[in-house]
>>> print(open('data_39.csv').read())   # CSV, C-alpha atoms and all ligand atoms
chain,number,residue,atom,x,y,z
A,123,MET,CA,0.8,21.4,5.1
A,124,VAL,CA,-1.5,23.3,2.7
A,125,MET,CA,-3.4,21.3,0.2
A,126,THR,CA,-4.1,22.9,-3.1
A,127,ASP,CA,-6.5,21.9,-5.9
A,128,GLN,CA,-3.7,20.4,-7.9
A,129,PRO,CA,-4.4,17.2,-9.9
A,130,ASP,CA,-3.9,13.9,-8.4
A,131,GLY,CA,-2.4,10.9,-10.0
A,132,LEU,CA,-2.4,7.3,-8.9
A,133,THR,CA,-4.9,6.6,-6.2
A,134,LEU,CA,-4.7,4.0,-3.6
A,135,GLN,CA,-6.5,1.1,-2.0
A,136,PRO,CA,-5.8,1.6,1.7
A,137,LEU,CA,-4.5,-1.4,3.6
A,138,SER,CA,-6.8,-2.8,6.3
A,139,PRO,CA,-5.4,-2.7,9.9
A,140,GLN,CA,-4.9,-6.5,9.6
A,141,GLU,CA,-2.9,-6.1,6.4
A,142,ARG,CA,-0.8,-3.4,7.9
A,143,ASP,CA,0.2,-5.7,10.7
A,144,GLN,CA,1.3,-8.5,8.3
A,145,PRO,CA,4.8,-8.6,6.9
A,146,GLU,CA,5.1,-7.5,3.3
A,147,PRO,CA,4.5,-10.5,1.1
A,148,ALA,CA,7.2,-11.5,-1.3
A,149,GLY,CA,6.5,-10.2,-4.7
A,150,PRO,CA,7.2,-11.8,-8.1
A,151,PHE,CA,10.2,-9.6,-8.5
A,152,ASP,CA,13.0,-10.6,-10.9
A,153,VAL,CA,14.7,-7.4,-12.0
A,154,VAL,CA,16.6,-4.7,-10.0
A,155,VAL,CA,16.4,-1.3,-11.6
A,156,ARG,CA,18.9,1.4,-10.8
A,157,ILE,CA,16.7,4.5,-10.5
A,158,ALA,CA,17.3,7.4,-12.9
A,159,ALA,CA,14.3,9.5,-11.7
A,160,ALA,CA,11.2,9.1,-9.6
A,161,GLY,CA,8.2,11.4,-10.0
A,162,VAL,CA,6.7,13.2,-7.0
A,163,CYS,CA,2.9,12.6,-6.9
A,164,ARG,CA,0.1,14.0,-4.8
A,165,SER,CA,-0.6,10.5,-3.7
A,166,ASP,CA,2.7,10.6,-1.9
A,167,LEU,CA,1.4,13.5,0.2
A,168,HIS,CA,-1.8,11.5,1.0
A,169,ILE,CA,0.4,8.7,2.3
A,170,LEU,CA,2.6,11.1,4.4
A,171,MET,CA,-0.5,12.7,5.9
A,172,GLY,CA,-1.8,9.3,6.9
A,173,GLU,CA,-4.9,9.5,4.7
A,174,LEU,CA,-3.7,6.3,2.9
A,175,PRO,CA,-2.2,3.8,5.3
A,176,VAL,CA,0.9,1.9,4.2
A,177,ARG,CA,3.2,-0.5,6.0
A,178,VAL,CA,6.1,1.3,7.7
A,179,PRO,CA,8.9,1.8,7.2
A,180,HIS,CA,8.0,2.5,3.6
A,181,VAL,CA,9.8,3.9,0.5
A,182,LEU,CA,7.7,6.2,-1.6
A,183,GLY,CA,7.9,6.5,-5.4
A,184,HIS,CA,5.5,4.9,-7.9
A,185,GLU,CA,6.6,6.8,-11.0
A,186,ASN,CA,10.0,5.5,-12.0
A,187,SER,CA,12.6,5.2,-14.7
A,188,GLY,CA,16.1,3.8,-14.7
A,189,TRP,CA,18.5,1.2,-16.0
A,190,VAL,CA,18.4,-2.5,-15.5
A,191,HIS,CA,21.0,-3.3,-12.8
A,192,ALA,CA,20.5,-7.0,-12.3
A,193,VAL,CA,18.2,-9.8,-13.6
A,194,GLY,CA,17.0,-13.2,-12.4
A,195,PRO,CA,17.9,-16.3,-14.3
A,196,MET,CA,14.6,-16.5,-16.2
A,197,VAL,CA,14.6,-12.9,-17.5
A,198,SER,CA,15.0,-12.7,-21.3
A,199,THR,CA,13.6,-9.4,-22.6
A,200,VAL,CA,15.8,-6.9,-20.9
A,201,GLU,CA,19.5,-7.0,-20.1
A,202,VAL,CA,21.8,-5.3,-17.7
A,203,GLY,CA,22.4,-1.6,-18.6
A,204,GLN,CA,19.1,-1.3,-20.6
A,205,ALA,CA,17.2,2.0,-20.1
A,206,VAL,CA,13.7,1.3,-19.0
A,207,LEU,CA,10.4,2.8,-17.8
A,208,CYS,CA,8.6,1.0,-14.9
A,209,TYR,CA,4.9,0.4,-15.5
A,210,PRO,CA,3.4,1.0,-12.0
A,211,PHE,CA,1.7,-2.3,-11.6
A,212,VAL,CA,3.8,-5.4,-10.9
A,213,SER,CA,2.2,-8.8,-11.2
A,214,ASP,CA,2.6,-12.3,-12.6
A,215,GLY,CA,0.0,-11.7,-15.4
A,216,LEU,CA,-2.1,-14.8,-14.5
A,217,SER,CA,-5.4,-13.2,-13.4
A,218,SER,CA,-8.3,-12.6,-15.8
A,219,PRO,CA,-8.0,-8.8,-15.6
A,220,GLU,CA,-4.3,-9.0,-16.5
A,221,ARG,CA,-5.1,-11.4,-19.4
A,222,ARG,CA,-7.4,-8.6,-20.6
A,223,GLY,CA,-4.7,-6.1,-20.2
A,224,VAL,CA,-6.2,-4.4,-17.2
A,225,ASP,CA,-3.4,-4.9,-14.7
A,226,SER,CA,-4.8,-2.1,-12.5
A,227,ALA,CA,-7.7,-4.5,-11.6
A,228,ALA,CA,-5.5,-7.5,-10.9
A,229,PRO,CA,-6.3,-8.9,-7.5
A,230,GLY,CA,-2.6,-9.7,-6.5
A,231,ARG,CA,-0.8,-6.8,-8.2
A,232,ARG,CA,1.7,-4.7,-6.4
A,233,THR,CA,2.5,-1.1,-6.9
A,234,PRO,CA,6.1,-0.2,-5.8
A,235,GLY,CA,6.0,3.0,-3.8
A,236,ILE,CA,2.5,2.2,-2.5
A,237,ASP,CA,2.2,-1.4,-1.2
A,238,CYS,CA,5.9,-2.2,-1.4
A,239,ASP,CA,9.1,-0.1,-1.5
A,240,GLY,CA,9.3,2.4,-4.3
A,241,GLY,CA,11.6,4.6,-6.3
A,242,TYR,CA,12.6,7.3,-3.8
A,243,ALA,CA,15.8,5.3,-3.7
A,244,GLU,CA,18.9,4.3,-5.7
A,245,TYR,CA,17.5,0.8,-6.6
A,246,LEU,CA,14.0,-0.7,-7.1
A,247,LEU,CA,12.7,-4.3,-7.3
A,248,VAL,CA,10.3,-4.8,-10.2
A,249,THR,CA,9.4,-7.5,-12.7
A,250,GLU,CA,10.5,-8.0,-16.3
A,251,ARG,CA,6.8,-8.0,-17.3
A,252,SER,CA,6.4,-4.4,-16.0
A,253,LEU,CA,9.4,-2.8,-17.9
A,254,ILE,CA,9.3,-0.9,-21.2
A,255,PRO,CA,12.7,-0.7,-22.9
A,256,LEU,CA,13.9,2.7,-23.9
A,257,PRO,CA,16.6,4.0,-26.3
A,258,ASP,CA,19.9,4.8,-24.6
A,259,ASP,CA,19.5,8.5,-25.3
A,260,ALA,CA,16.0,8.9,-23.8
A,261,ASP,CA,15.5,11.6,-21.3
A,262,LEU,CA,14.8,9.4,-18.3
A,263,ALA,CA,13.9,12.3,-15.9
A,264,ALA,CA,11.2,13.5,-18.2
A,265,MET,CA,10.0,10.0,-19.2
A,266,ALA,CA,9.6,8.9,-15.6
A,267,THR,CA,6.5,11.1,-15.3
A,268,LEU,CA,4.8,9.2,-18.1
A,269,THR,CA,4.4,6.1,-15.9
A,270,ASP,CA,1.6,7.6,-13.7
A,271,ALA,CA,0.9,11.2,-14.4
A,272,GLY,CA,1.2,10.8,-18.2
A,273,LEU,CA,-0.5,7.4,-18.3
A,274,ALA,CA,-3.6,8.6,-16.5
A,275,ALA,CA,-3.7,11.7,-18.7
A,276,TYR,CA,-3.3,9.5,-21.8
A,277,ARG,CA,-6.0,7.0,-20.9
A,278,ALA,CA,-8.4,9.9,-20.2
A,279,CYS,CA,-7.6,11.6,-23.5
A,280,ARG,CA,-7.9,8.3,-25.4
A,281,LYS,CA,-11.4,7.8,-24.0
A,282,ALA,CA,-12.3,11.4,-24.8
A,283,ALA,CA,-10.9,11.2,-28.3
A,284,THR,CA,-13.5,8.7,-29.5
A,285,ALA,CA,-16.1,11.6,-29.5
A,286,LEU,CA,-13.8,14.5,-30.3
A,287,GLU,CA,-14.4,15.3,-33.9
A,288,PRO,CA,-12.6,18.2,-35.5
A,289,GLY,CA,-13.6,21.5,-33.9
A,290,CYS,CA,-15.2,19.9,-30.8
A,291,LEU,CA,-14.4,21.5,-27.5
A,292,ALA,CA,-12.3,19.5,-25.0
A,293,VAL,CA,-11.8,21.0,-21.6
A,294,VAL,CA,-8.9,20.2,-19.2
A,295,LEU,CA,-9.5,21.1,-15.6
A,296,GLY,CA,-6.2,21.5,-13.7
A,297,VAL,CA,-2.9,22.1,-15.5
A,298,GLY,CA,-0.4,20.4,-13.2
A,299,GLY,CA,1.7,17.3,-13.6
A,300,LEU,CA,-1.1,15.5,-15.5
A,301,GLY,CA,-3.0,18.4,-17.1
A,302,HIS,CA,-0.1,19.8,-19.0
A,303,LEU,CA,0.5,16.4,-20.6
A,304,ALA,CA,-3.2,16.0,-21.4
A,305,VAL,CA,-3.2,19.3,-23.3
A,306,GLN,CA,-0.3,18.0,-25.5
A,307,ILE,CA,-1.9,14.6,-25.9
A,308,LEU,CA,-5.2,16.1,-27.1
A,309,ARG,CA,-3.4,18.4,-29.5
A,310,SER,CA,-1.3,15.6,-31.0
A,311,THR,CA,-4.1,12.9,-31.2
A,312,THR,CA,-7.2,15.0,-32.0
A,313,ALA,CA,-8.3,18.1,-34.0
A,314,ALA,CA,-10.4,19.3,-31.0
A,315,ARG,CA,-10.2,22.9,-29.6
A,316,VAL,CA,-8.5,22.6,-26.2
A,317,LEU,CA,-9.5,24.9,-23.3
A,318,ALA,CA,-7.3,24.6,-20.2
A,319,VAL,CA,-8.5,25.8,-16.8
A,320,ASP,CA,-6.4,26.6,-13.7
A,321,THR,CA,-6.5,29.1,-10.9
A,322,ARG,CA,-2.8,29.9,-11.3
A,323,ALA,CA,-1.7,32.2,-14.0
A,324,GLU,CA,1.6,30.4,-14.4
A,325,ALA,CA,-0.2,27.1,-15.0
A,326,ARG,CA,-2.4,28.8,-17.7
A,327,ASP,CA,0.8,30.0,-19.3
A,328,LEU,CA,2.1,26.5,-19.2
A,329,ALA,CA,-1.1,25.2,-20.9
A,330,MET,CA,-0.7,27.7,-23.7
A,331,SER,CA,2.9,26.8,-24.2
A,332,CYS,CA,1.8,23.2,-24.4
A,333,GLY,CA,-0.6,24.0,-27.3
A,334,ALA,CA,-3.9,24.9,-25.6
A,335,HIS,CA,-6.1,27.1,-27.8
A,336,HIS,CA,-7.5,28.9,-24.8
A,337,ALA,CA,-6.8,29.1,-21.1
A,338,CYS,CA,-8.9,30.6,-18.3
A,339,SER,CA,-9.5,30.5,-14.5
A,340,SER,CA,-12.2,28.4,-13.0
A,341,GLY,CA,-14.2,31.6,-12.4
A,342,GLU,CA,-14.2,32.4,-16.1
A,343,LEU,CA,-15.0,28.8,-17.2
A,344,ALA,CA,-18.8,29.2,-17.7
A,345,ALA,CA,-18.5,32.3,-19.8
A,346,THR,CA,-15.6,30.9,-21.8
A,347,ALA,CA,-16.9,27.3,-22.5
A,348,GLY,CA,-20.6,28.0,-22.7
A,349,SER,CA,-22.5,24.7,-22.7
A,350,GLU,CA,-21.1,22.9,-25.7
A,351,ALA,CA,-18.2,20.9,-24.4
A,352,THR,CA,-17.8,17.5,-25.9
A,353,ALA,CA,-15.5,16.2,-23.2
A,354,VAL,CA,-14.2,17.5,-19.8
A,355,ILE,CA,-11.3,15.8,-18.2
A,356,ASP,CA,-11.2,16.7,-14.5
A,357,PHE,CA,-7.7,16.4,-13.0
A,358,VAL,CA,-8.8,18.4,-9.9
A,359,GLY,CA,-11.4,16.3,-8.3
A,360,SER,CA,-13.7,18.3,-6.1
A,361,ASP,CA,-17.4,19.1,-5.7
A,362,GLU,CA,-16.8,22.3,-7.5
A,363,SER,CA,-14.8,20.9,-10.4
A,364,ALA,CA,-17.4,18.1,-11.0
A,365,SER,CA,-20.3,20.6,-10.8
A,366,SER,CA,-18.8,23.1,-13.2
A,367,ALA,CA,-17.7,20.3,-15.6
A,368,LEU,CA,-21.3,18.9,-15.8
A,369,SER,CA,-22.7,22.4,-16.4
A,370,ILE,CA,-20.6,23.0,-19.5
A,371,LEU,CA,-21.2,19.7,-21.3
A,372,GLY,CA,-23.2,19.7,-24.4
A,373,PHE,CA,-25.7,17.0,-25.4
A,374,GLY,CA,-24.0,13.6,-25.3
A,375,GLY,CA,-20.9,15.1,-23.6
A,376,SER,CA,-18.6,13.1,-21.4
A,377,TYR,CA,-17.1,13.9,-18.0
A,378,PHE,CA,-13.9,12.0,-17.1
A,379,ALA,CA,-12.9,12.0,-13.5
A,380,VAL,CA,-9.2,11.5,-12.9
A,381,GLY,CA,-8.3,13.7,-9.8
A,382,VAL,CA,-9.8,12.4,-6.6
A,383,GLY,CA,-11.8,14.3,-4.1
A,384,GLY,CA,-15.4,15.5,-3.5
A,385,SER,CA,-18.5,14.0,-5.0
A,386,ILE,CA,-20.4,14.1,-8.3
A,387,SER,CA,-23.9,15.5,-7.9
A,388,SER,CA,-26.4,15.8,-10.7
A,389,SER,CA,-30.1,15.2,-11.2
A,390,ILE,CA,-30.8,12.0,-13.1
A,391,LEU,CA,-33.1,14.1,-15.3
A,392,GLN,CA,-30.2,16.2,-16.4
A,393,VAL,CA,-28.1,13.1,-17.1
A,394,VAL,CA,-30.9,11.6,-19.1
A,395,ALA,CA,-32.0,14.7,-21.0
A,396,ASN,CA,-28.4,15.5,-22.0
A,397,GLU,CA,-27.3,11.9,-22.5
A,398,THR,CA,-24.3,12.7,-20.2
A,399,ARG,CA,-21.6,10.2,-19.9
A,400,ILE,CA,-19.7,10.0,-16.6
A,401,GLU,CA,-16.6,7.9,-16.4
A,402,GLY,CA,-13.7,7.4,-14.0
A,403,VAL,CA,-10.1,6.9,-15.2
A,404,TYR,CA,-7.7,4.8,-13.1
A,405,VAL,CA,-4.1,5.0,-14.3
A,406,GLY,CA,-3.9,3.0,-17.5
A,407,THR,CA,-2.7,-0.2,-19.3
A,408,TYR,CA,0.7,-1.3,-20.3
A,409,PRO,CA,-0.1,-0.9,-24.0
A,410,GLU,CA,-1.3,2.6,-23.4
A,411,LEU,CA,2.0,3.4,-21.7
A,412,VAL,CA,3.8,2.0,-24.7
A,413,GLU,CA,1.8,4.3,-27.0
A,414,LEU,CA,2.5,7.3,-24.8
A,415,THR,CA,6.2,6.4,-24.7
A,416,GLN,CA,6.2,6.5,-28.5
A,417,LEU,CA,4.4,9.8,-28.7
A,418,THR,CA,7.0,11.2,-26.3
A,419,LEU,CA,10.1,9.7,-28.0
A,420,ARG,CA,9.0,11.4,-31.3
A,421,GLY,CA,8.5,14.7,-29.5
A,422,ASP,CA,4.8,15.0,-29.7
A,423,VAL,CA,4.6,15.1,-25.8
A,424,ARG,CA,7.2,16.9,-23.8
A,425,PRO,CA,6.8,16.5,-20.0
A,426,VAL,CA,7.8,19.6,-18.1
A,427,VAL,CA,9.8,18.4,-15.1
A,428,VAL,CA,11.3,20.2,-12.1
A,429,PRO,CA,14.3,18.1,-10.9
A,430,TYR,CA,15.3,17.8,-7.2
A,431,PRO,CA,18.2,15.8,-5.8
A,432,LEU,CA,16.8,12.7,-4.0
A,433,SER,CA,18.3,14.2,-0.8
A,434,ASP,CA,15.8,17.1,-1.2
A,435,ALA,CA,12.7,14.8,-1.4
A,436,ASN,CA,11.1,16.6,1.6
A,437,GLN,CA,11.5,20.0,-0.1
A,438,ALA,CA,10.0,18.6,-3.3
A,439,LEU,CA,7.0,17.3,-1.4
A,440,ARG,CA,6.6,20.6,0.5
A,441,ASP,CA,6.7,22.5,-2.8
A,442,LEU,CA,4.1,20.2,-4.4
A,443,ALA,CA,1.8,20.8,-1.4
A,444,ALA,CA,2.2,24.5,-1.7
A,445,GLY,CA,1.7,24.6,-5.5
A,446,ALA,CA,5.2,26.2,-5.8
A,447,PHE,CA,6.0,24.9,-9.2
A,448,VAL,CA,4.3,24.0,-12.5
A,449,GLY,CA,4.9,20.7,-14.2
A,450,ARG,CA,6.0,17.5,-12.4
A,451,ALA,CA,8.8,17.3,-9.8
A,452,VAL,CA,11.2,14.4,-10.1
A,453,LEU,CA,13.8,13.1,-7.7
A,454,ILE,CA,17.2,12.3,-9.1
A,455,PRO,CA,19.4,10.0,-7.0
B,1,ZN,ZN,0.7,9.0,-8.5
>>> encode(input="data_39.csv", output="structure tokens", more="lines below")
Ligand code: ZN
Amino acid sequence: MVMTDQPDGLTLQPLSPQERDQPEPAGPFDVVVRIAAAGVCRSDLHILMGELPVRVPHVLGHENSGWVHAVGPMVSTVEVGQAVLCYPFVSDGLSSPERRGVDSAAPGRRTPGIDCDGGYAEYLLVTERSLIPLPDDADLAAMATLTDAGLAAYRACRKAATALEPGCLAVVLGVGGLGHLAVQILRSTTAARVLAVDTRAEARDLAMSCGAHHACSSGELAATAGSEATAVIDFVGSDESASSALSILGFGGSYFAVGVGGSISSSILQVVANETRIEGVYVGTYPELVELTQLTLRGDVRPVVVPYPLSDANQALRDLAAGAFVGRAVLIP
């Protein structure tokens, strides 16, 4: 299977060998969702290739939308038939990180599709707490991609936006499932100039159709961006992408790492002299997903999706690995 430099989404904490041998613990599940669509993420390839161990048998799919199919007796905020988005972290909400809104750091949280069965299926077990109700006429195939790809892009853009005054340069490295959403989010929430970078001409075309002011290949980046970027959001994640990102940052500029791979290398002198800010972005919070949902429902963000029948999941994964499409693949049961 050929790996490309396409952006990654949700990353994983591998199970230890001891954990893999244990039966899957019962979750705090209280809602069954009938799946409308499940996004296909590069993390799914990492699982399939054995780079990220999971218990087997395992159902992939951590980027899900659907309709409430059944509820437990204590559920009160959603009802059967309700269209919903599934926030990727499932937990009881009792830990300190969850009380601060950072469910991604909760010690006991579960992520369906990663450490329990996910949405490459007709039905999914989740919790009431993890659901975001949607209008009946919402495009559930497009909106499924918000829950991981969109959410990580949104969190990165939100962090970047604090320094992006009008006219500042924001650079998006990698225009795949996350990057094409980041371009739209930056355009709709800032007055920055947006430069999108991708090796594929069709991805650059997608970036321009999403509102990027400029698009170039990675080989053209230095000449196009100069050394004045205020923020670089790296959805690729490689030695090369990190190096080129740091080289185009202006004084006080920020590098946001989202895609996973490679290492960041810089002299401390350079970081100090340029007051460079380096920050990782790990998925996002429930309130951020609500905000992104609202942007999408009002048409400011339009996910580009490539639908596959659930029965063609293997083909969708092969096509993702080969970089055979632009946008985000979704599986439709
Ligand atoms: Zn993912």
>>> residues_near_ligand(input="data_39.csv", ligand="ligand ZN 1 (chain B)", cutoff="12 Å", atoms="only C-alpha atoms and all ligand atoms", output="PyMOL selection string")
chain A and resi 129-134+160-169+182-186+209-211+233-236+240-241+266-275+299-300+380-382+404-406+450-452
>>> atom_distance(input="data_39.csv", atom1="atom CA of A:Gly359", atom2="atom CA of A:Asp320")
12.7 Å
>>> closest_residue(input="data_39.csv", among="A:His302, A:Met330, A:Thr311, A:Val354", to="A:Arg280", atoms="all atoms listed in the file")
A:Thr311
>>> closest_residue(input="data_39.csv", among="A:Ala337, A:Ser376, A:Ala367, A:Asp239", to="A:Thr284", atoms="all atoms listed in the file")
A:Ser376
>>> closest_residue(input="data_39.csv", among="A:Ile355, A:Ala159, A:Val426, A:Ala446", to="A:Tyr242", atoms="all atoms listed in the file")
A:Ala159
>>> closest_residue(input="data_39.csv", among="A:Asp434, A:Asp259, A:Glu413, A:Glu350", to="A:Gly372", atoms="all atoms listed in the file")
A:Glu350
>>> closest_residue(input="data_39.csv", among="A:Ile454, A:Gln204, A:Thr407, A:Ala443", to="A:Arg222", atoms="all atoms listed in the file")
A:Thr407
>>> residues_around(input="data_39.csv", residues="A:Ser387", least_positions_apart="6", cutoff="12 Å", atoms="all atoms listed in the file", output="ChimeraX atom specification")
/A:360-369,393,400
>>> closest_residue(input="data_39.csv", among="A:Leu343, A:Gly194, A:Gly188, A:Arg231", to="A:Val294", atoms="only C-alpha atoms")
A:Leu343
>>> atom_distance(input="data_39.csv", atom1="atom CA of A:Arg440", atom2="atom CA of A:Ala264")
20.5 Å
>>> residues_around(input="data_39.csv", residues="A:Ala329", least_positions_apart="4", cutoff="10 Å", atoms="all atoms listed in the file", output="CSV table (one decimal) with C-alpha atoms, in the coordinates of the input")
chain,number,residue,atom,x,y,z
A,294,VAL,CA,-8.9,20.2,-19.2
A,296,GLY,CA,-6.2,21.5,-13.7
A,297,VAL,CA,-2.9,22.1,-15.5
A,298,GLY,CA,-0.4,20.4,-13.2
A,301,GLY,CA,-3.0,18.4,-17.1
A,302,HIS,CA,-0.1,19.8,-19.0
A,303,LEU,CA,0.5,16.4,-20.6
A,304,ALA,CA,-3.2,16.0,-21.4
A,305,VAL,CA,-3.2,19.3,-23.3
A,306,GLN,CA,-0.3,18.0,-25.5
A,316,VAL,CA,-8.5,22.6,-26.2
A,317,LEU,CA,-9.5,24.9,-23.3
A,318,ALA,CA,-7.3,24.6,-20.2
A,319,VAL,CA,-8.5,25.8,-16.8
A,320,ASP,CA,-6.4,26.6,-13.7
A,323,ALA,CA,-1.7,32.2,-14.0
A,324,GLU,CA,1.6,30.4,-14.4
A,325,ALA,CA,-0.2,27.1,-15.0
A,333,GLY,CA,-0.6,24.0,-27.3
A,334,ALA,CA,-3.9,24.9,-25.6
A,335,HIS,CA,-6.1,27.1,-27.8
A,336,HIS,CA,-7.5,28.9,-24.8
A,337,ALA,CA,-6.8,29.1,-21.1
A,338,CYS,CA,-8.9,30.6,-18.3
>>> atom_distance(input="data_39.csv", atom1="atom CA of A:Leu174", atom2="atom CA of A:Leu432")
22.6 Å
>>> residues_around(input="data_39.csv", residues="A:Ser187", least_positions_apart="3", cutoff="8 Å", atoms="only C-alpha atoms", output="list in words")
Ile157, Ala158, Ala159, Ala160, Ala205, Val206, Leu207, Cys208, Leu262, Ala263, Met265 and Ala266 of chain A
>>> write_last_selection(input="data_39.csv", atoms="C-alpha atoms", output="mmCIF file, keeping the file's coordinate frame")
data_model
loop_
_atom_site.group_PDB
_atom_site.id
_atom_site.type_symbol
_atom_site.label_atom_id
_atom_site.label_comp_id
_atom_site.auth_asym_id
_atom_site.auth_seq_id
_atom_site.Cartn_x
_atom_site.Cartn_y
_atom_site.Cartn_z
ATOM 1 C CA ILE A 157 16.700 4.500 -10.500
ATOM 2 C CA ALA A 158 17.300 7.400 -12.900
ATOM 3 C CA ALA A 159 14.300 9.500 -11.700
ATOM 4 C CA ALA A 160 11.200 9.100 -9.600
ATOM 5 C CA ALA A 205 17.200 2.000 -20.100
ATOM 6 C CA VAL A 206 13.700 1.300 -19.000
ATOM 7 C CA LEU A 207 10.400 2.800 -17.800
ATOM 8 C CA CYS A 208 8.600 1.000 -14.900
ATOM 9 C CA LEU A 262 14.800 9.400 -18.300
ATOM 10 C CA ALA A 263 13.900 12.300 -15.900
ATOM 11 C CA MET A 265 10.000 10.000 -19.200
ATOM 12 C CA ALA A 266 9.600 8.900 -15.600
#
>>> residues_around(input="data_39.csv", residues="A:Gly223", least_positions_apart="5", cutoff="9 Å", atoms="only C-alpha atoms", output="ChimeraX atom specification")
/A:215,218,407-409
>>> decode(input="data_39.csv", residues="stretch 372-387 of chain A", atoms="N, CA, C and O atoms", output="PDB file, in the first residue's frame")
ATOM      1  N   GLY A 372       7.301  34.557   9.902  1.00  0.00           N
ATOM      2  CA  GLY A 372       7.841  35.850  10.298  1.00  0.00           C
ATOM      3  C   GLY A 372       8.027  35.931  11.791  1.00  0.00           C
ATOM      4  O   GLY A 372       7.752  34.963  12.534  1.00  0.00           O
ATOM      5  N   PHE A 373       8.496  37.085  12.267  1.00  0.00           N
ATOM      6  CA  PHE A 373       8.731  37.272  13.710  1.00  0.00           C
ATOM      7  C   PHE A 373       7.420  37.068  14.474  1.00  0.00           C
ATOM      8  O   PHE A 373       6.389  37.639  14.128  1.00  0.00           O
ATOM      9  N   GLY A 374       7.471  36.216  15.518  1.00  0.00           N
ATOM     10  CA  GLY A 374       6.279  35.951  16.314  1.00  0.00           C
ATOM     11  C   GLY A 374       5.304  35.001  15.651  1.00  0.00           C
ATOM     12  O   GLY A 374       4.183  34.825  16.141  1.00  0.00           O
ATOM     13  N   GLY A 375       5.723  34.372  14.547  1.00  0.00           N
ATOM     14  CA  GLY A 375       4.829  33.478  13.823  1.00  0.00           C
ATOM     15  C   GLY A 375       4.584  32.165  14.547  1.00  0.00           C
ATOM     16  O   GLY A 375       5.339  31.769  15.439  1.00  0.00           O
ATOM     17  N   SER A 376       3.507  31.499  14.153  1.00  0.00           N
ATOM     18  CA  SER A 376       3.094  30.270  14.831  1.00  0.00           C
ATOM     19  C   SER A 376       3.034  29.094  13.864  1.00  0.00           C
ATOM     20  O   SER A 376       2.521  29.217  12.747  1.00  0.00           O
ATOM     21  N   TYR A 377       3.563  27.966  14.328  1.00  0.00           N
ATOM     22  CA  TYR A 377       3.494  26.705  13.588  1.00  0.00           C
ATOM     23  C   TYR A 377       2.559  25.765  14.326  1.00  0.00           C
ATOM     24  O   TYR A 377       2.776  25.465  15.509  1.00  0.00           O
ATOM     25  N   PHE A 378       1.510  25.322  13.653  1.00  0.00           N
ATOM     26  CA  PHE A 378       0.548  24.400  14.245  1.00  0.00           C
ATOM     27  C   PHE A 378       0.680  23.044  13.577  1.00  0.00           C
ATOM     28  O   PHE A 378       0.464  22.913  12.369  1.00  0.00           O
ATOM     29  N   ALA A 379       1.041  22.033  14.350  1.00  0.00           N
ATOM     30  CA  ALA A 379       1.206  20.681  13.838  1.00  0.00           C
ATOM     31  C   ALA A 379      -0.097  19.914  14.026  1.00  0.00           C
ATOM     32  O   ALA A 379      -0.591  19.796  15.149  1.00  0.00           O
ATOM     33  N   VAL A 380      -0.653  19.404  12.924  1.00  0.00           N
ATOM     34  CA  VAL A 380      -1.881  18.606  12.981  1.00  0.00           C
ATOM     35  C   VAL A 380      -1.608  17.208  12.418  1.00  0.00           C
ATOM     36  O   VAL A 380      -1.888  16.205  13.058  1.00  0.00           O
ATOM     37  N   GLY A 381      -1.084  17.141  11.191  1.00  0.00           N
ATOM     38  CA  GLY A 381      -0.697  15.864  10.608  1.00  0.00           C
ATOM     39  C   GLY A 381       0.464  15.268  11.381  1.00  0.00           C
ATOM     40  O   GLY A 381       1.290  15.989  11.944  1.00  0.00           O
ATOM     41  N   VAL A 382       0.507  13.943  11.401  1.00  0.00           N
ATOM     42  CA  VAL A 382       1.460  13.258  12.275  1.00  0.00           C
ATOM     43  C   VAL A 382       2.504  12.509  11.460  1.00  0.00           C
ATOM     44  O   VAL A 382       2.163  11.699  10.594  1.00  0.00           O
ATOM     45  N   GLY A 383       3.761  12.784  11.741  1.00  0.00           N
ATOM     46  CA  GLY A 383       4.875  12.096  11.104  1.00  0.00           C
ATOM     47  C   GLY A 383       6.107  12.968  11.191  1.00  0.00           C
ATOM     48  O   GLY A 383       6.007  14.195  11.303  1.00  0.00           O
ATOM     49  N   GLY A 384       7.271  12.343  11.153  1.00  0.00           N
ATOM     50  CA  GLY A 384       8.512  13.098  11.147  1.00  0.00           C
ATOM     51  C   GLY A 384       8.792  13.787  12.465  1.00  0.00           C
ATOM     52  O   GLY A 384       8.194  13.478  13.506  1.00  0.00           O
ATOM     53  N   SER A 385       9.725  14.725  12.419  1.00  0.00           N
ATOM     54  CA  SER A 385      10.159  15.441  13.621  1.00  0.00           C
ATOM     55  C   SER A 385      10.309  16.915  13.310  1.00  0.00           C
ATOM     56  O   SER A 385      10.528  17.309  12.162  1.00  0.00           O
ATOM     57  N   ILE A 386      10.202  17.716  14.370  1.00  0.00           N
ATOM     58  CA  ILE A 386      10.435  19.150  14.242  1.00  0.00           C
ATOM     59  C   ILE A 386      11.871  19.423  14.683  1.00  0.00           C
ATOM     60  O   ILE A 386      12.268  19.021  15.780  1.00  0.00           O
ATOM     61  N   SER A 387      12.627  20.087  13.829  1.00  0.00           N
ATOM     62  CA  SER A 387      14.016  20.389  14.165  1.00  0.00           C
ATOM     63  C   SER A 387      14.282  21.872  13.909  1.00  0.00           C
ATOM     64  O   SER A 387      14.006  22.373  12.822  1.00  0.00           O
TER      65      SER A 387
END
